[in-house]
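Everything below belongs to data_36.cif, which stores mmCIF, C-alpha atoms and all ligand atoms.
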```cif
data_target
#
loop_
_atom_site.label_atom_id
_atom_site.label_comp_id
_atom_site.auth_asym_id
_atom_site.auth_seq_id
_atom_site.Cartn_x
_atom_site.Cartn_y
_atom_site.Cartn_z
CA MET A 1 0.00 0.00 0.00
CA SER A 2 1.73 3.18 -1.08
CA MET A 3 0.41 6.15 0.82
CA SER A 4 3.52 8.19 1.36
CA HIS A 5 2.12 11.05 -0.72
CA LEU A 6 -0.35 11.74 2.10
CA ARG A 7 2.35 12.17 4.67
CA GLY A 8 2.44 15.96 4.41
CA ALA A 9 -1.30 16.27 4.91
CA ILE A 10 -1.40 14.30 8.10
CA GLY A 11 1.92 15.30 9.61
CA ALA A 12 0.76 18.60 11.07
CA PRO A 13 -1.76 17.53 13.73
CA LEU A 14 0.47 14.74 14.99
CA LEU A 15 3.33 17.19 15.27
CA ALA A 16 1.03 19.53 17.15
CA LEU A 17 0.21 16.80 19.63
CA GLY A 18 3.84 16.09 20.26
CA ALA A 19 4.60 19.77 20.56
CA LEU A 20 1.80 20.23 23.06
CA ALA A 21 3.25 17.51 25.26
CA CYS A 22 6.59 19.36 25.15
CA ALA A 23 4.95 22.70 25.75
CA ARG A 24 4.26 21.84 29.33
CA THR A 25 7.96 22.24 30.06
CA ASP A 26 9.18 24.09 26.98
CA THR A 27 8.44 27.73 26.28
CA SER A 28 10.08 28.11 22.88
CA SER A 29 8.22 30.26 20.45
CA ASP A 30 7.08 28.48 17.30
CA SER A 31 3.39 28.92 16.64
CA THR A 32 2.31 25.48 17.87
CA ARG A 33 4.06 25.94 21.15
CA LEU A 34 2.81 29.49 21.53
CA SER A 35 -0.76 28.26 21.19
CA ALA A 36 -0.10 25.52 23.68
CA LYS A 37 1.17 28.13 26.14
CA ALA A 38 -2.42 29.40 26.26
CA THR A 39 -2.84 26.28 28.39
CA ASP A 40 -1.96 27.88 31.65
CA VAL A 41 -4.68 26.76 34.02
CA SER A 42 -4.73 22.98 34.28
CA PRO A 43 -3.11 21.49 31.19
CA LEU A 44 -4.50 18.02 31.77
CA ASP A 45 -8.13 18.84 32.46
CA SER A 46 -8.74 21.85 30.23
CA ILE A 47 -6.76 23.17 27.30
CA ALA A 48 -7.73 26.26 25.33
CA ALA A 49 -6.79 27.41 21.83
CA PRO A 50 -6.14 31.08 21.03
CA SER A 51 -9.60 31.28 19.38
CA GLY A 52 -11.35 30.22 22.58
CA ALA A 53 -11.88 26.62 21.41
CA ARG A 54 -11.40 24.31 24.34
CA VAL A 55 -10.97 20.64 25.22
CA THR A 56 -11.85 19.46 28.73
CA ARG A 57 -11.35 16.08 30.35
CA ALA A 58 -13.70 14.44 32.87
CA PRO A 59 -14.26 10.92 34.24
CA PHE A 60 -16.81 8.85 32.30
CA GLY A 61 -16.88 5.58 34.26
CA THR A 62 -14.99 2.42 35.12
CA LEU A 63 -14.89 -0.75 33.03
CA PRO A 64 -15.52 -4.18 34.60
CA THR A 65 -11.71 -4.65 34.33
CA GLY A 66 -11.21 -1.65 36.64
CA GLU A 67 -9.86 0.56 33.85
CA GLU A 68 -10.92 4.20 34.12
CA VAL A 69 -12.60 5.77 31.10
CA HIS A 70 -12.46 9.51 30.41
CA ALA A 71 -14.61 11.82 28.33
CA PHE A 72 -13.10 14.71 26.38
CA THR A 73 -15.43 17.55 25.53
CA MET A 74 -14.18 19.50 22.51
CA LYS A 75 -15.76 22.86 21.73
CA ASN A 76 -14.82 25.04 18.82
CA ALA A 77 -14.95 28.83 18.68
CA ARG A 78 -18.27 28.73 16.79
CA GLY A 79 -20.30 26.76 19.33
CA ILE A 80 -20.05 23.22 17.97
CA ALA A 81 -19.29 20.74 20.72
CA MET A 82 -18.45 17.06 20.63
CA ARG A 83 -17.57 14.49 23.25
CA VAL A 84 -15.21 11.56 22.78
CA ILE A 85 -14.32 8.81 25.23
CA ASP A 86 -11.04 6.94 25.33
CA TYR A 87 -12.95 3.59 25.38
CA GLY A 88 -13.22 2.63 21.69
CA GLY A 89 -12.41 6.22 20.68
CA ILE A 90 -16.19 6.58 20.71
CA ILE A 91 -17.77 9.87 19.64
CA VAL A 92 -20.59 10.02 22.19
CA SER A 93 -22.13 13.33 21.11
CA VAL A 94 -21.90 16.04 18.46
CA ARG A 95 -23.97 19.15 19.04
CA THR A 96 -24.55 21.38 16.02
CA PRO A 97 -26.96 24.26 15.34
CA ASP A 98 -29.98 24.13 13.04
CA ARG A 99 -30.94 27.01 10.76
CA THR A 100 -32.36 28.96 13.71
CA GLY A 101 -29.31 28.33 15.88
CA ASN A 102 -30.87 25.59 18.05
CA LEU A 103 -28.31 23.00 19.07
CA ALA A 104 -29.11 19.29 18.88
CA ASP A 105 -27.05 16.18 19.39
CA ILE A 106 -26.87 14.57 15.94
CA VAL A 107 -25.29 11.20 16.79
CA LEU A 108 -26.87 8.12 18.37
CA GLY A 109 -25.33 6.80 21.55
CA PHE A 110 -25.74 6.24 25.26
CA ASP A 111 -25.75 8.40 28.38
CA ASP A 112 -23.25 6.20 30.19
CA LEU A 113 -20.39 3.76 29.77
CA GLU A 114 -22.58 0.76 30.59
CA GLY A 115 -24.62 1.29 27.42
CA TYR A 116 -21.49 1.25 25.28
CA VAL A 117 -20.06 -1.82 27.00
CA LYS A 118 -23.26 -3.90 27.02
CA SER A 119 -25.19 -3.48 23.82
CA SER A 120 -23.76 -1.01 21.38
CA PRO A 121 -24.03 -1.60 17.63
CA TYR A 122 -20.68 0.22 17.30
CA PHE A 123 -22.26 3.64 17.99
CA GLY A 124 -19.59 6.29 17.32
CA ALA A 125 -16.68 3.85 17.66
CA ILE A 126 -13.40 3.32 15.86
CA ALA A 127 -13.76 0.07 13.90
CA GLY A 128 -10.58 -1.96 13.33
CA ARG A 129 -8.21 -3.67 12.75
CA TYR A 130 -10.42 -4.46 9.78
CA ALA A 131 -13.63 -2.43 9.58
CA ASN A 132 -16.47 -4.24 7.77
CA ARG A 133 -16.34 -7.90 6.86
CA ILE A 134 -13.79 -10.58 6.00
CA ALA A 135 -15.42 -13.66 4.48
CA LYS A 136 -15.54 -16.70 6.76
CA GLY A 137 -13.12 -14.91 9.10
CA GLN A 138 -10.09 -16.02 7.17
CA PHE A 139 -7.51 -14.84 4.68
CA THR A 140 -4.17 -15.98 3.29
CA LEU A 141 -1.26 -13.57 3.25
CA ASP A 142 2.20 -14.43 1.87
CA GLY A 143 1.26 -18.12 1.98
CA THR A 144 0.03 -18.24 5.59
CA THR A 145 -3.68 -18.63 6.38
CA TYR A 146 -4.93 -16.57 9.32
CA LYS A 147 -8.16 -17.34 11.17
CA LEU A 148 -10.19 -14.62 12.82
CA ALA A 149 -13.20 -14.80 15.13
CA VAL A 150 -16.42 -15.30 13.19
CA ASN A 151 -18.75 -12.80 14.85
CA ASN A 152 -21.31 -11.92 12.16
CA GLY A 153 -23.10 -14.85 10.57
CA PRO A 154 -20.34 -16.83 8.83
CA ASN A 155 -18.00 -13.80 8.66
CA ALA A 156 -15.67 -11.59 10.72
CA LEU A 157 -16.93 -8.04 11.32
CA HIS A 158 -15.25 -4.85 12.58
CA GLY A 159 -12.08 -6.38 14.03
CA GLY A 160 -13.53 -9.31 15.95
CA LEU A 161 -14.86 -10.04 19.40
CA LYS A 162 -12.75 -7.32 21.01
CA GLY A 163 -12.03 -4.92 18.20
CA PHE A 164 -10.70 -1.37 18.40
CA ASP A 165 -14.18 -0.27 19.51
CA LYS A 166 -13.77 -2.15 22.81
CA VAL A 167 -10.26 -1.20 23.96
CA VAL A 168 -9.06 1.79 25.93
CA TRP A 169 -6.93 4.15 23.86
CA GLN A 170 -4.24 6.36 25.33
CA ALA A 171 -5.61 9.87 24.90
CA GLU A 172 -3.78 13.16 24.57
CA PRO A 173 -5.78 16.36 24.13
CA GLY A 174 -4.36 19.49 22.60
CA ALA A 175 -5.12 22.86 21.06
CA ASP A 176 -3.54 25.03 18.41
CA SER A 177 -4.42 27.68 15.89
CA ASN A 178 -6.48 25.14 13.92
CA GLY A 179 -8.85 24.23 16.78
CA VAL A 180 -8.80 21.48 19.38
CA HIS A 181 -7.70 17.90 18.95
CA LEU A 182 -7.56 14.57 20.69
CA GLY A 183 -4.85 12.07 19.80
CA LEU A 184 -5.64 8.42 20.55
CA ARG A 185 -3.03 5.68 20.51
CA TYR A 186 -3.39 1.94 20.77
CA THR A 187 -0.93 -0.90 20.31
CA SER A 188 -2.57 -4.07 19.06
CA ALA A 189 -0.47 -7.11 19.98
CA ASP A 190 0.77 -9.64 17.43
CA GLY A 191 -2.02 -12.22 17.09
CA GLU A 192 -4.71 -10.06 18.68
CA GLU A 193 -8.09 -11.24 17.35
CA GLY A 194 -6.08 -13.46 14.99
CA TYR A 195 -4.34 -10.64 13.08
CA PRO A 196 -0.59 -10.84 12.45
CA GLY A 197 1.94 -8.26 13.61
CA THR A 198 2.20 -5.71 16.38
CA LEU A 199 0.24 -2.75 15.08
CA HIS A 200 0.76 0.76 16.44
CA ALA A 201 -2.37 2.74 15.59
CA THR A 202 -3.06 6.46 16.06
CA VAL A 203 -6.38 8.17 15.49
CA THR A 204 -6.57 11.95 15.82
CA TYR A 205 -9.85 13.82 16.05
CA THR A 206 -9.54 17.55 15.29
CA LEU A 207 -12.51 19.88 15.71
CA THR A 208 -11.64 22.96 13.73
CA ASP A 209 -13.06 26.46 13.96
CA ARG A 210 -14.34 25.90 10.38
CA ASN A 211 -16.88 23.39 11.78
CA GLU A 212 -14.96 20.39 10.53
CA LEU A 213 -14.25 17.18 12.33
CA VAL A 214 -11.02 15.87 10.81
CA ILE A 215 -10.21 12.23 11.55
CA GLU A 216 -6.69 11.08 10.74
CA TYR A 217 -5.64 7.48 11.01
CA GLN A 218 -2.05 6.29 11.04
CA ALA A 219 -0.51 2.87 11.69
CA THR A 220 2.69 0.88 11.45
CA THR A 221 3.29 -2.85 11.81
CA ASP A 222 6.16 -5.27 12.32
CA LYS A 223 4.57 -8.03 10.14
CA PRO A 224 2.37 -7.75 7.05
CA THR A 225 -1.27 -7.35 8.13
CA PRO A 226 -4.57 -6.16 6.68
CA ILE A 227 -5.79 -2.83 7.99
CA ASN A 228 -9.03 -0.94 7.39
CA LEU A 229 -10.02 1.73 9.89
CA THR A 230 -13.15 3.84 10.11
CA ASN A 231 -15.45 5.68 12.48
CA HIS A 232 -18.88 4.16 13.02
CA SER A 233 -20.99 7.20 13.97
CA TYR A 234 -24.73 6.95 13.34
CA PHE A 235 -26.04 10.38 12.37
CA ASN A 236 -29.55 11.77 12.54
CA LEU A 237 -29.35 15.39 11.44
CA ALA A 238 -32.74 16.14 13.02
CA GLY A 239 -31.27 15.09 16.38
CA GLU A 240 -30.77 11.64 17.90
CA GLY A 241 -34.02 9.99 18.92
CA SER A 242 -36.18 12.15 16.67
CA GLY A 243 -37.48 9.33 14.46
CA THR A 244 -36.14 7.85 11.26
CA VAL A 245 -33.71 9.40 8.78
CA LEU A 246 -35.80 8.40 5.75
CA GLY A 247 -36.60 12.03 4.89
CA GLN A 248 -32.95 13.16 4.97
CA VAL A 249 -31.55 13.80 1.54
CA VAL A 250 -28.28 12.21 0.45
CA THR A 251 -25.84 12.76 -2.40
CA ILE A 252 -22.95 10.30 -2.87
CA ASP A 253 -20.19 10.97 -5.40
CA ALA A 254 -20.06 7.41 -6.68
CA ASP A 255 -20.71 5.99 -10.15
CA ARG A 256 -20.30 2.46 -8.83
CA TYR A 257 -20.99 0.44 -5.70
CA VAL A 258 -19.99 -2.92 -4.26
CA PRO A 259 -22.78 -5.52 -4.58
CA VAL A 260 -22.85 -8.17 -1.84
CA ASP A 261 -24.24 -11.65 -1.25
CA SER A 262 -26.83 -12.39 1.40
CA THR A 263 -24.08 -12.48 4.09
CA PHE A 264 -22.81 -9.02 3.04
CA ILE A 265 -19.66 -10.32 1.35
CA PRO A 266 -18.83 -8.56 -1.96
CA THR A 267 -19.50 -10.58 -5.09
CA GLY A 268 -16.24 -9.14 -6.44
CA ASP A 269 -17.88 -6.89 -9.04
CA LEU A 270 -18.05 -3.12 -8.93
CA ALA A 271 -21.51 -2.41 -10.36
CA SER A 272 -22.77 0.76 -12.01
CA VAL A 273 -25.34 2.69 -9.97
CA ASN A 274 -27.00 3.78 -13.22
CA GLY A 275 -30.74 3.09 -13.20
CA THR A 276 -30.64 1.50 -9.73
CA PRO A 277 -31.76 2.65 -6.25
CA PHE A 278 -28.01 3.06 -5.56
CA ASP A 279 -27.76 6.12 -7.77
CA PHE A 280 -27.29 8.97 -5.29
CA ARG A 281 -25.44 11.21 -7.75
CA ARG A 282 -28.41 13.58 -7.48
CA PRO A 283 -29.82 14.49 -4.05
CA THR A 284 -32.35 11.79 -3.07
CA ALA A 285 -34.22 11.13 0.17
CA ILE A 286 -32.93 8.02 1.94
CA GLY A 287 -36.45 6.60 2.01
CA ALA A 288 -37.35 7.35 -1.60
CA ARG A 289 -36.32 3.93 -2.98
CA ILE A 290 -35.21 1.94 0.08
CA ASP A 291 -38.12 -0.50 -0.08
CA GLN A 292 -37.99 -1.14 -3.82
CA PRO A 293 -37.83 -4.82 -4.83
CA ASP A 294 -34.15 -4.69 -5.70
CA PRO A 295 -32.06 -7.82 -4.97
CA GLN A 296 -29.21 -5.75 -3.51
CA LEU A 297 -31.55 -3.80 -1.22
CA LYS A 298 -32.92 -7.19 -0.19
CA ASN A 299 -29.42 -8.52 0.61
CA GLY A 300 -28.62 -5.37 2.59
CA HIS A 301 -32.02 -5.11 4.31
CA GLY A 302 -31.86 -1.56 2.94
CA TYR A 303 -28.65 0.32 2.17
CA ASP A 304 -25.65 -1.41 3.71
CA HIS A 305 -23.17 -1.17 0.86
CA THR A 306 -19.82 0.34 0.02
CA PHE A 307 -19.95 3.04 -2.65
CA VAL A 308 -16.88 3.38 -4.89
CA LEU A 309 -15.91 7.02 -4.71
CA ASN A 310 -15.07 8.86 -7.91
CA HIS A 311 -11.39 9.43 -7.18
CA PRO A 312 -9.62 11.08 -10.11
CA GLN A 313 -7.41 8.42 -11.74
CA GLY A 314 -8.15 6.11 -8.82
CA GLY A 315 -5.79 8.15 -6.60
CA ALA A 316 -5.91 8.65 -2.85
CA ALA A 317 -6.34 12.43 -2.62
CA LEU A 318 -8.98 13.88 -0.30
CA VAL A 319 -12.20 13.84 -2.36
CA HIS A 320 -15.74 14.85 -1.59
CA ALA A 321 -17.74 11.70 -0.82
CA ALA A 322 -21.21 12.63 0.36
CA HIS A 323 -23.57 15.46 1.28
CA VAL A 324 -26.60 15.02 3.52
CA VAL A 325 -29.26 17.60 4.33
CA ASP A 326 -32.16 17.41 6.74
CA PRO A 327 -34.81 19.58 5.06
CA THR A 328 -36.62 20.20 8.35
CA SER A 329 -33.80 21.48 10.55
CA GLY A 330 -31.55 22.61 7.69
CA ARG A 331 -28.56 20.79 9.19
CA THR A 332 -26.08 19.48 6.63
CA LEU A 333 -23.19 17.05 6.73
CA ASP A 334 -20.42 16.79 4.16
CA VAL A 335 -17.94 13.95 4.05
CA ALA A 336 -14.58 14.02 2.28
CA THR A 337 -12.02 11.24 2.44
CA THR A 338 -8.80 9.80 1.10
CA GLU A 339 -10.38 6.31 1.22
CA PRO A 340 -11.64 4.60 -1.95
CA GLY A 341 -15.06 3.80 -0.50
CA VAL A 342 -17.81 4.80 1.87
CA GLN A 343 -20.18 2.32 3.52
CA PHE A 344 -23.66 3.84 3.48
CA TYR A 345 -25.57 1.99 6.21
CA THR A 346 -29.09 3.06 7.02
CA GLY A 347 -29.47 1.54 10.49
CA ASN A 348 -31.48 -1.38 9.12
CA PHE A 349 -30.69 -3.52 12.15
CA LEU A 350 -31.85 -1.00 14.72
CA ASP A 351 -35.21 -2.25 15.94
CA GLY A 352 -36.30 -0.05 18.82
CA LYS A 353 -34.76 -2.37 21.41
CA VAL A 354 -31.61 -0.32 21.98
CA VAL A 355 -32.46 2.50 24.37
CA GLY A 356 -29.95 5.27 24.02
CA LYS A 357 -29.46 8.82 25.19
CA ASN A 358 -32.28 10.57 27.01
CA GLY A 359 -34.30 7.32 27.11
CA HIS A 360 -34.67 7.33 23.31
CA ALA A 361 -35.41 3.91 21.80
CA TYR A 362 -33.75 4.00 18.38
CA PRO A 363 -36.10 2.76 15.65
CA ARG A 364 -35.15 0.91 12.48
CA ARG A 365 -33.44 3.48 10.23
CA GLY A 366 -33.16 5.93 13.11
CA GLY A 367 -29.63 6.83 11.99
CA PHE A 368 -27.30 6.54 9.01
CA CYS A 369 -23.57 5.80 8.88
CA LEU A 370 -21.08 7.00 6.29
CA GLU A 371 -18.11 4.78 7.11
CA THR A 372 -15.16 5.75 4.95
CA HIS A 373 -12.90 2.78 4.30
CA HIS A 374 -11.53 0.29 1.78
CA PHE A 375 -13.83 -2.31 0.28
CA PRO A 376 -15.07 -5.21 2.42
CA ASP A 377 -13.21 -8.51 2.20
CA SER A 378 -10.28 -6.97 0.34
CA PRO A 379 -7.80 -9.49 1.83
CA ASN A 380 -9.68 -12.16 -0.21
CA LYS A 381 -10.31 -10.02 -3.29
CA PRO A 382 -7.04 -9.40 -5.18
CA GLN A 383 -8.91 -7.22 -7.70
CA PHE A 384 -9.77 -4.67 -4.95
CA PRO A 385 -7.33 -1.96 -3.78
CA SER A 386 -4.93 -3.58 -1.33
CA THR A 387 -5.43 -3.26 2.43
CA ILE A 388 -2.12 -4.91 3.31
CA LEU A 389 0.28 -2.87 5.40
CA ARG A 390 3.88 -4.05 5.49
CA PRO A 391 6.76 -3.35 7.87
CA GLY A 392 8.49 -0.09 6.96
CA GLU A 393 5.30 1.44 5.51
CA THR A 394 3.01 3.87 7.29
CA PHE A 395 -0.74 3.64 6.84
CA HIS A 396 -2.37 7.05 6.46
CA SER A 397 -6.02 7.85 6.00
CA ARG A 398 -7.98 11.05 6.45
CA THR A 399 -11.70 11.81 6.59
CA VAL A 400 -13.32 15.22 7.09
CA PHE A 401 -16.91 15.65 8.30
CA THR A 402 -18.14 19.23 7.86
CA PHE A 403 -21.21 20.39 9.77
CA GLY A 404 -23.30 23.11 8.15
CA VAL A 405 -26.72 24.61 7.66
CA ALA A 406 -28.78 25.04 4.49
CA ASN A 407 -31.43 27.71 4.19
C1 LIG B 501 -22.40 -2.91 8.80
C2 LIG B 501 -23.79 -3.39 9.16
C3 LIG B 501 -23.80 -3.70 10.62
C4 LIG B 501 -23.40 -2.45 11.38
C5 LIG B 501 -23.36 -2.66 12.86
C6 LIG B 501 -22.12 -1.69 9.57
O1 LIG B 501 -20.84 -1.23 9.29
O2 LIG B 501 -22.27 -2.70 7.43
O3 LIG B 501 -24.15 -4.52 8.43
O4 LIG B 501 -25.07 -4.14 11.04
O5 LIG B 501 -22.14 -2.03 10.94
O6 LIG B 501 -22.57 -3.71 13.16
#
```

Show me, as structure tokens, the structure contained in the file I just sent.
Amino acid sequence: MSMSHLRGAIGAPLLALGALACARTDTSSDSTRLSAKATDVSPLDSIAAPSGARVTRAPFGTLPTGEEVHAFTMKNARGIAMRVIDYGGIIVSVRTPDRTGNLADIVLGFDDLEGYVKSSPYFGAIAGRYANRIAKGQFTLDGTTYKLAVNNGPNALHGGLKGFDKVVWQAEPGADSNGVHLGLRYTSADGEEGYPGTLHATVTYTLTDRNELVIEYQATTDKPTPINLTNHSYFNLAGEGSGTVLGQVVTIDADRYVPVDSTFIPTGDLASVNGTPFDFRRPTAIGARIDQPDPQLKNGHGYDHTFVLNHPQGGAALVHAAHVVDPTSGRTLDVATTEPGVQFYTGNFLDGKVVGKNGHAYPRRGGFCLETHHFPDSPNKPQFPSTILRPGETFHSRTVFTFGVAN
């Protein structure tokens, strides 16, 4: 996987994190360190950027193992606030204004740690080492066959029984002239969940003063291993718990999508969206065609498919992937990514049994996910872009969610 050309794009926030750590003892005057010097009160529990953006740490609960979990509230200078916990790198809330300035929390989730530990369908979490599915939980790499936990019908899903959504990440908050950020680090041991190689993974969430949430993923390994990382937030732009998302209007910049079998494993083809309910090249309500008698909608129980983004010359530059608008509130979401695909999942397996924040029971299609990643089952599909990371290489991936308002 050659991704070195992205190195410049992602280097800055990681540098800023490192610089912030130094800034606690170092008063030299480059701009990163100057901004970190604004951190004079209690550097660990509250850090402010020059713009007034702020990140604050508070306890969030204790896991059955005794590990402490912390919540980091990140607020930008324009009033958008989000909360992330170091368990699973989970985004537990994102509060954005509607067209009249009313704030609502636009992601599904739980009020407390127990909800996330007991029954979460990956709400807000980092999915990895391999987001999405690997057929029959097995793949062969350089002549060795590796077996993973089968945790979704006959297949492996989202990294296994204890994927990156269920581990505690080492968190480091920071602030600079760009906004506020939270760096999360996790070392996945060789053989963890069946995957080869010790993998050092870093995920950085940056909330900018331009109302963007930038997610940067980076990883290195000491043995060849597949890697596919994403964030699994379920959005409802009308506010979590306010019904279904069927009336929200989606555009996806994809001429093709990845058809799947009845166990959600790609058939291996990349099919044209032309003339199908998968054509979101023009703005279309999620519910407009979701119940049409289409075999792929039947396999997915609705939309649960990877769309092949229209990258110029198949490259890995940051491209616009999707736009969503809620006509009622006016809230919008834009997604851009360096990844080749985006999984559009319409919460088809929510069934009203999961009771989330504020006592809200989340109905079927009460949220949508736009999970930017490589194609499912790539380790078994040589025709798909490779997901193999090798020693000496650095995995880089970047996704930008922009929160806005339409009139
Ligand atoms: C998958 C769905 C799955 C959901 C929750 C999505 O990424 O595509 O099929 O139900 O995650 O696990």

Hey, which residues sit close to ligand LIG 501 (chain B)? Say within 7 Å, counting only C-alpha atoms and all ligand atoms, and write them as a ChimeraX atom specification. /A:121-122,132,232,304-305,343,345,349,371

Would you pick out the contacts of A:Phe368 at 9 Å or less, using only C-alpha atoms, so that residues sharing its chain but fewer than 2 positions from it are not included, and give the list as a list in words?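 Returned residues: Ser233, Tyr234, Phe235, Asn236, Val245, Phe344, Tyr345, Thr346, Gly347, Asn348, Arg365, Gly366 and Leu370 of chain A.
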
A:Val117: which residues within 12 Å, counting all atoms listed in the file, same-chain residues fewer than 6 positions away excluded, as a list in words? Gly61, Thr62, Leu63, Pro64, Thr65, Val69, Tyr87, Gly88, Ile90, Gly109, Phe110, Asp111, Phe123, Ala125, Lys162, Asp165, Lys166, Val167 and Val168 of chain A

A:Leu157, A:Ile126, A:Val405, A:Val107: which is nearest A:Tyr186, counting all atoms listed in the file?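 Residue with the minimum atom-to-atom distance to A:Tyr186: A:Ile126.
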
So that each row is one residue of stretch 162-195 of chain A with an atom at most 12 Å from stretch 45-59 of chain A, can you give its shortest atom pair and the distance in Å to one decimal, using all atoms listed in the file, rows by chain and rising number, as a tab-separated table?
```
residue	atom	partner	partner_atom	distance
A:Ala171	CA	A:Arg57	CA	10.1
A:Glu172	CA	A:Arg57	CA	10.0
A:Pro173	CA	A:Val55	CA	6.8
A:Gly174	CA	A:Ile47	CA	6.4
A:Ala175	CA	A:Ala49	CA	4.9
A:Asp176	CA	A:Ala49	CA	5.3
A:Ser177	CA	A:Pro50	CA	6.4
A:Asn178	CA	A:Ala49	CA	8.2
A:Gly179	CA	A:Ala53	CA	6.0
A:Val180	CA	A:Arg54	CA	6.3
A:His181	CA	A:Val55	CA	7.6
A:Leu182	CA	A:Val55	CA	8.3
A:Gly183	CA	A:Val55	CA	11.8
```

With C-alpha atoms retained, write the just-selected residues as an mmCIF file, keeping the file's coordinate frame.
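The resulting file, selection.cif, is shown below:
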```
data_model
loop_
_atom_site.group_PDB
_atom_site.id
_atom_site.type_symbol
_atom_site.label_atom_id
_atom_site.label_comp_id
_atom_site.auth_asym_id
_atom_site.auth_seq_id
_atom_site.Cartn_x
_atom_site.Cartn_y
_atom_site.Cartn_z
ATOM 1 C CA ALA A 171 -5.610 9.870 24.900
ATOM 2 C CA GLU A 172 -3.780 13.160 24.570
ATOM 3 C CA PRO A 173 -5.780 16.360 24.130
ATOM 4 C CA GLY A 174 -4.360 19.490 22.600
ATOM 5 C CA ALA A 175 -5.120 22.860 21.060
ATOM 6 C CA ASP A 176 -3.540 25.030 18.410
ATOM 7 C CA SER A 177 -4.420 27.680 15.890
ATOM 8 C CA ASN A 178 -6.480 25.140 13.920
ATOM 9 C CA GLY A 179 -8.850 24.230 16.780
ATOM 10 C CA VAL A 180 -8.800 21.480 19.380
ATOM 11 C CA HIS A 181 -7.700 17.900 18.950
ATOM 12 C CA LEU A 182 -7.560 14.570 20.690
ATOM 13 C CA GLY A 183 -4.850 12.070 19.800
#
```

Give me the residues near A:Gly101 as a list in words, where near means some atom within 10 Å (using only C-alpha atoms) and where sequence neighbours in that chain fewer than 2 positions away do not count.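 Those residues are Gly79, Thr96, Pro97, Asp98, Arg99, Leu103, Ala104, Ser329 and Val405 of chain A.
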
Nearest-residue call for A:Thr225, choices A:Ile388, A:Val355, A:Ala189, A:Val273, using only C-alpha atoms: A:Ile388

Please define a box with edges along x, y and z of the file around all atoms of stretch 151-168 of chain A given in the file, extend it by 5 Å on each side, and return its centre and edge lengths in Å to one decimal, as AutoDock Vina command-line options.
```
--center_x -16.1 --center_y -7.5 --center_z 17.3 --size_x 24.0 --size_y 28.6 --size_z 27.3
```

If you count all atoms listed in the file, which residues fall within 10 Å of A:Asn152, apart from same-chain ones fewer than 3 positions away, as a list in words?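 Close residues of A:Asn152: Arg133, Ile134, Ala135, Lys136, Gly137, Ala149, Asn155, Ala156, Leu157, His158, Gly160, Leu161, Thr263 and Phe264 of chain A.
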
Near A:Asp326, counting all atoms listed in the file, which residues have an atom at most 9 Å away, once you skip same-chain residues fewer than 5 positions from it, shown as an NGL selection string? :A and (236-238 or 245 or 247-249 or 331-333 or 406)

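Distance check against A:Tyr146 using all atoms listed in the file: of A:Glu193, A:Asp269, A:Asp209, A:Glu114, the minimum falls on A:Glu193.
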
Atom CA of A:Ser378 to atom CA of A:Asp255: how many Å, to one decimal?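 Going from atom CA of A:Ser378 over to atom CA of A:Asp255, I get 19.7 Å.
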
Between atom CA of A:Val342 and atom CA of A:Pro295 - distance in Å to one decimal: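 Between these atoms lies a distance of 20.2 Å.
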
Measuring between all atoms listed in the file, which one of A:Thr284, A:Gly367, A:Pro391, A:Pro327 shows the shortest distance to A:Gly243?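 Looking at the shortest contact to A:Gly243, the residue is A:Gly367.
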
Between A:Thr187, A:Asn228, A:Ser386, A:Thr372, which one has atoms that come closest to A:Ile252, using all atoms listed in the file?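 Distance minimum relative to A:Ile252 lands on A:Thr372.
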
Among A:Ala321, A:Leu297, A:Leu246, A:Thr198, A:Ala285 is approached most closely, using all atoms listed in the file, by A:Leu246

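When atom CA of A:Lys75 is paired with atom CA of A:Leu207, their separation reads 7.5 Å.
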